[in-house]
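The structure under discussion appears below in the form of structure tokens.
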Amino acid sequence: MAVSIKSEREIALMRDAGKILAEVHARLGEYIQPGISTLDIDTFGEKLIRGYHCVPNFLHYNGYPASICVSVNEEVVHGIPHSGHILKEGDIVSLDAGLIYKGYHSDAARTYPVGKISKEAQRLIKVTKQSFFQGIKMARAGNHLNDICKTIHGYVNYHGYSVVRDLVGHGIGTKLHEDPEIPNFTMRRRGVKLRPGMTLAIEPMVNMGDWKVDRLEDDWTVVTRDGSLSAHYENTILITGDEPEILTLLK
């Protein structure tokens, strides 16, 4: 495993890439409403990314056919946008988006309500988001990767939900996916020691029901096996000599 340590120049570029993606997500969140299609979201998202003179890093990545992963309700991740998939009141929609700025990647995901949603769905979204923030309390130099993983896992379990085990977070930099892999569940080993200059994409994927998932025939869309709702929250972070810096949040 070769975990890259970013230079000050690289960190500055990744900050810029993260800030732009945070702005894209803010605009996408405002765009979500009943009656639009998942393809409308993808089209709008790609236009935003290119408007910042960036490139959508998901488009054609390993054959993925869109710029924004749009996953609705029981779809966990990697939903493929379609003109016929129309959002309706009460849905929840997870948007996973990333971009390349001057050769450096950023990656972030959010789950948004579509109109008025149930209290149960609200709670799922809230717990998923908070599990990320609980996890990164452990994202400090000198700690080990599993300190993050087991904290996320424990928080989610405490609230009665389950973390997806088939998909994980990752390092990020000049490539979208770099070492190390970052599970959202407790590992058997401590994992790599965290060092200043590491950049990581931490992304809890949380199911209301069981953690088990299936992949649809399109070979991309991952869904909960039991049909329960799923939420996703992700940011690109920087390990520092103190608290971690979240690169994909608006200040």
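Please note that chains go A, B, ... in the order of the structure tokens, that every chain numbers its residues from 1, and that ligands are numbered from 1 in the order shown.
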
**OP:** Please provide the set of residues having any atom within 6 Å of Asp179 of chain A, restricted to only C-alpha atoms, with same-chain residues fewer than 2 positions apart removed, written as a ChimeraX atom specification.
**Re:** /A:3,171,181

**OP:** Determine which residues of segment 18-212 of chain A DSSP labels as strand (DSSP E or B) from the backbone of this structure, then write them out as a VMD selection string.
**Re:** chain A and resid 37 55 to 56 68 to 72 75 to 77 86 92 to 101 104 to 113 144 162 to 163 169 to 171 178 to 182 193 199 to 202 205 to 207

Compile the contact shell of Ile20 of chain A as a CSV table (one decimal) with C-alpha atoms, in the first residue's frame: residues with an atom at most 12 Å away, counting only C-alpha atoms, same-chain residues fewer than 2 positions apart removed.
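Generated file (selection02.csv):
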```csv
chain,number,residue,atom,x,y,z
A,13,LEU,CA,-4.9,22.7,-5.4
A,14,MET,CA,-7.0,20.2,-3.6
A,15,ARG,CA,-8.5,23.0,-1.5
A,16,ASP,CA,-9.5,24.7,-4.6
A,17,ALA,CA,-11.0,21.5,-6.1
A,18,GLY,CA,-12.9,20.9,-2.9
A,22,ALA,CA,-18.9,22.3,-2.3
A,23,GLU,CA,-20.3,25.1,-4.4
A,24,VAL,CA,-21.6,22.6,-7.0
A,25,HIS,CA,-23.3,20.6,-4.3
A,26,ALA,CA,-24.9,23.7,-2.8
A,27,ARG,CA,-26.4,24.5,-6.2
A,48,LEU,CA,-22.1,23.5,-13.2
A,49,ILE,CA,-18.8,21.6,-13.0
A,50,ARG,CA,-17.8,22.6,-16.5
A,51,GLY,CA,-18.8,26.2,-15.7
A,52,TYR,CA,-16.0,26.2,-13.2
A,53,HIS,CA,-13.6,25.0,-15.9
A,54,CYS,CA,-13.4,21.6,-14.3
A,55,VAL,CA,-14.0,18.1,-15.6
A,56,PRO,CA,-16.5,15.7,-14.0
A,97,ALA,CA,-20.3,14.0,-7.4
A,98,GLY,CA,-16.6,14.8,-8.1
A,99,LEU,CA,-14.5,16.9,-10.3
A,100,ILE,CA,-10.9,17.4,-11.5
A,101,TYR,CA,-9.3,20.8,-11.1
A,104,TYR,CA,-6.5,17.1,-8.7
A,105,HIS,CA,-9.7,15.4,-7.7
A,106,SER,CA,-12.4,16.2,-5.2
A,107,ASP,CA,-15.2,13.9,-4.2
A,108,ALA,CA,-18.3,14.4,-2.0
A,247,LEU,CA,-12.1,20.4,1.8
A,248,THR,CA,-15.6,20.0,0.4
A,249,LEU,CA,-17.6,22.1,2.7
A,250,LEU,CA,-18.4,25.8,2.2
A,251,LYS,CA,-16.8,27.8,5.0
```

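From atom CA of Phe132 of chain A back to atom CA of Tyr233 of chain A, the distance works out to 7.1 Å.
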
Original post:
In terms of the shortest atom-to-atom distance over only C-alpha atoms, which of A:Asp96, A:Ala141, A:Val77, A:Asp91 is closest to Asp166 of chain A?
Top reply: A:Val77

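Minimum atom-to-atom distances from A:Leu229, A:Val70, A:Cys149, A:Met208 to Ile32 of chain A were compared using only C-alpha atoms, and the lowest value belongs to A:Val70.
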
**OP:** Show which residues sit within 6 Å of Ile172 of chain A, as a count of residues only. Count only C-alpha atoms, and ignore same-chain residues fewer than 5 positions away.
**Re:** 4

I'd like the contact shell of Ile86 of chain A - 8 Å cut-off, only C-alpha atoms, skipping same-chain residues fewer than 5 positions apart - returned as a CSV table (one decimal) with N, CA and C atoms, in the first residue's frame.
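Output contents, as saved in selection-v4.csv:
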```csv
chain,number,residue,atom,x,y,z
A,34,PRO,N,-39.7,17.9,-6.5
A,34,PRO,CA,-40.5,16.9,-7.2
A,34,PRO,C,-40.7,17.3,-8.6
A,35,GLY,N,-40.8,16.3,-9.5
A,35,GLY,CA,-41.1,16.5,-10.9
A,35,GLY,C,-39.9,16.6,-11.8
A,36,ILE,N,-38.7,16.7,-11.3
A,36,ILE,CA,-37.5,16.7,-12.2
A,36,ILE,C,-37.0,15.2,-12.3
A,37,SER,N,-36.3,15.0,-13.4
A,37,SER,CA,-35.8,13.6,-13.6
A,37,SER,C,-34.4,13.5,-13.1
A,38,THR,N,-33.9,12.3,-12.8
A,38,THR,CA,-32.5,12.1,-12.4
A,38,THR,C,-31.6,12.5,-13.5
```

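Going from atom CA of Glu75 of chain A to atom CA of Ile152 of chain A covers 20.6 Å.
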
**OP:** Using DSSP on the backbone coordinates, identify the residues of segment 148-235 of chain A assigned to helix (DSSP H, G or I); present them as an MDAnalysis selection string.
**Re:** chainID A and resid 148:158

Write a file of the just-selected residues containing C-alpha atoms, as a PDB file, in the first residue's frame.
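Output saved as part-v2.pdb:
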```
ATOM      1  CA  ILE A 148     -12.251   6.372  12.056  1.00  0.00           C
ATOM      2  CA  CYS A 149     -13.895   3.195  10.775  1.00  0.00           C
ATOM      3  CA  LYS A 150     -14.986   1.779  14.126  1.00  0.00           C
ATOM      4  CA  THR A 151     -16.294   5.161  15.297  1.00  0.00           C
ATOM      5  CA  ILE A 152     -18.580   5.463  12.269  1.00  0.00           C
ATOM      6  CA  HIS A 153     -19.696   1.844  12.664  1.00  0.00           C
ATOM      7  CA  GLY A 154     -20.438   2.232  16.361  1.00  0.00           C
ATOM      8  CA  TYR A 155     -22.411   5.444  15.889  1.00  0.00           C
ATOM      9  CA  VAL A 156     -24.572   3.971  13.134  1.00  0.00           C
ATOM     10  CA  ASN A 157     -25.229   0.755  15.065  1.00  0.00           C
ATOM     11  CA  TYR A 158     -26.148   2.711  18.202  1.00  0.00           C
TER      12      TYR A 158
END
```

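Near Leu95 of chain A, within a cut-off of 8 Å and counting only C-alpha atoms, sit the residues Ile68, Cys69, Val70, Ser71, Ala109, Arg110, Thr111 and Tyr112 of chain A, with same-chain residues fewer than 4 positions away left out.
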
Subject >> Nearby residues (only C-alpha atoms) at most 12 Å from Met198 of chain A, same-chain spacing under 2 positions excluded, as a ChimeraX atom specification >> reply: /A:2-8,10-11,14,139-142,145,170-173,178-180,192-196,200-201,236-241,244-245

Residues of the last selection are to be written out with C-alpha atoms, as a PDB file, in the first residue's frame.
```pdb
ATOM      1  CA  ALA A   2       1.363   3.397  -1.013  1.00  0.00           C
ATOM      2  CA  VAL A   3      -0.490   6.269   0.676  1.00  0.00           C
ATOM      3  CA  SER A   4       0.551   9.583  -0.841  1.00  0.00           C
ATOM      4  CA  ILE A   5       1.478  12.586   1.284  1.00  0.00           C
ATOM      5  CA  LYS A   6       0.553  15.817  -0.461  1.00  0.00           C
ATOM      6  CA  SER A   7       2.891  18.784  -0.721  1.00  0.00           C
ATOM      7  CA  GLU A   8       1.770  22.313   0.157  1.00  0.00           C
ATOM      8  CA  GLU A  10      -0.870  19.932  -3.965  1.00  0.00           C
ATOM      9  CA  ILE A  11      -2.884  20.731  -0.845  1.00  0.00           C
ATOM     10  CA  MET A  14      -7.032  20.194  -3.583  1.00  0.00           C
ATOM     11  CA  ALA A 139      -8.949  11.673  11.840  1.00  0.00           C
ATOM     12  CA  ARG A 140      -5.859  13.039  13.552  1.00  0.00           C
ATOM     13  CA  ALA A 141      -2.197  12.429  12.905  1.00  0.00           C
ATOM     14  CA  GLY A 142      -0.938   9.558  15.051  1.00  0.00           C
ATOM     15  CA  LEU A 145      -7.399   4.332  10.053  1.00  0.00           C
ATOM     16  CA  HIS A 170     -10.670   5.863  -0.307  1.00  0.00           C
ATOM     17  CA  GLY A 171      -7.624   8.026  -0.598  1.00  0.00           C
ATOM     18  CA  ILE A 172      -7.791  10.763  -3.243  1.00  0.00           C
ATOM     19  CA  GLY A 173      -5.444  13.095  -5.081  1.00  0.00           C
ATOM     20  CA  GLU A 178      -5.946   6.082  -4.167  1.00  0.00           C
ATOM     21  CA  ASP A 179      -4.776   4.047  -1.177  1.00  0.00           C
ATOM     22  CA  PRO A 180      -5.974   3.433   1.459  1.00  0.00           C
ATOM     23  CA  VAL A 192      -2.401   2.731   8.325  1.00  0.00           C
ATOM     24  CA  LYS A 193      -1.159   5.370  10.724  1.00  0.00           C
ATOM     25  CA  LEU A 194      -2.576   8.788   9.841  1.00  0.00           C
ATOM     26  CA  ARG A 195      -0.034  11.431   8.832  1.00  0.00           C
ATOM     27  CA  PRO A 196      -0.301  15.128   7.941  1.00  0.00           C
ATOM     28  CA  LEU A 200      -9.077  10.962   2.247  1.00  0.00           C
ATOM     29  CA  ALA A 201     -12.634  10.594   0.951  1.00  0.00           C
ATOM     30  CA  THR A 236     -12.803  14.932   1.033  1.00  0.00           C
ATOM     31  CA  ILE A 237     -10.661  15.711   4.082  1.00  0.00           C
ATOM     32  CA  LEU A 238      -7.048  16.612   4.802  1.00  0.00           C
ATOM     33  CA  ILE A 239      -5.119  15.167   7.739  1.00  0.00           C
ATOM     34  CA  THR A 240      -3.213  17.984   9.473  1.00  0.00           C
ATOM     35  CA  GLY A 241      -1.119  18.379  12.570  1.00  0.00           C
ATOM     36  CA  PRO A 244      -8.806  17.449  10.073  1.00  0.00           C
ATOM     37  CA  GLU A 245      -9.688  19.979   7.412  1.00  0.00           C
TER      38      GLU A 245
END
```

Original post:
Between A:Ala231, A:Met138, A:Ala66, A:Val72, which is the closest to Met205 of chain A once you count only C-alpha atoms?
Top reply: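 Looking at the shortest contact to Met205 of chain A, the residue is A:Ala231.
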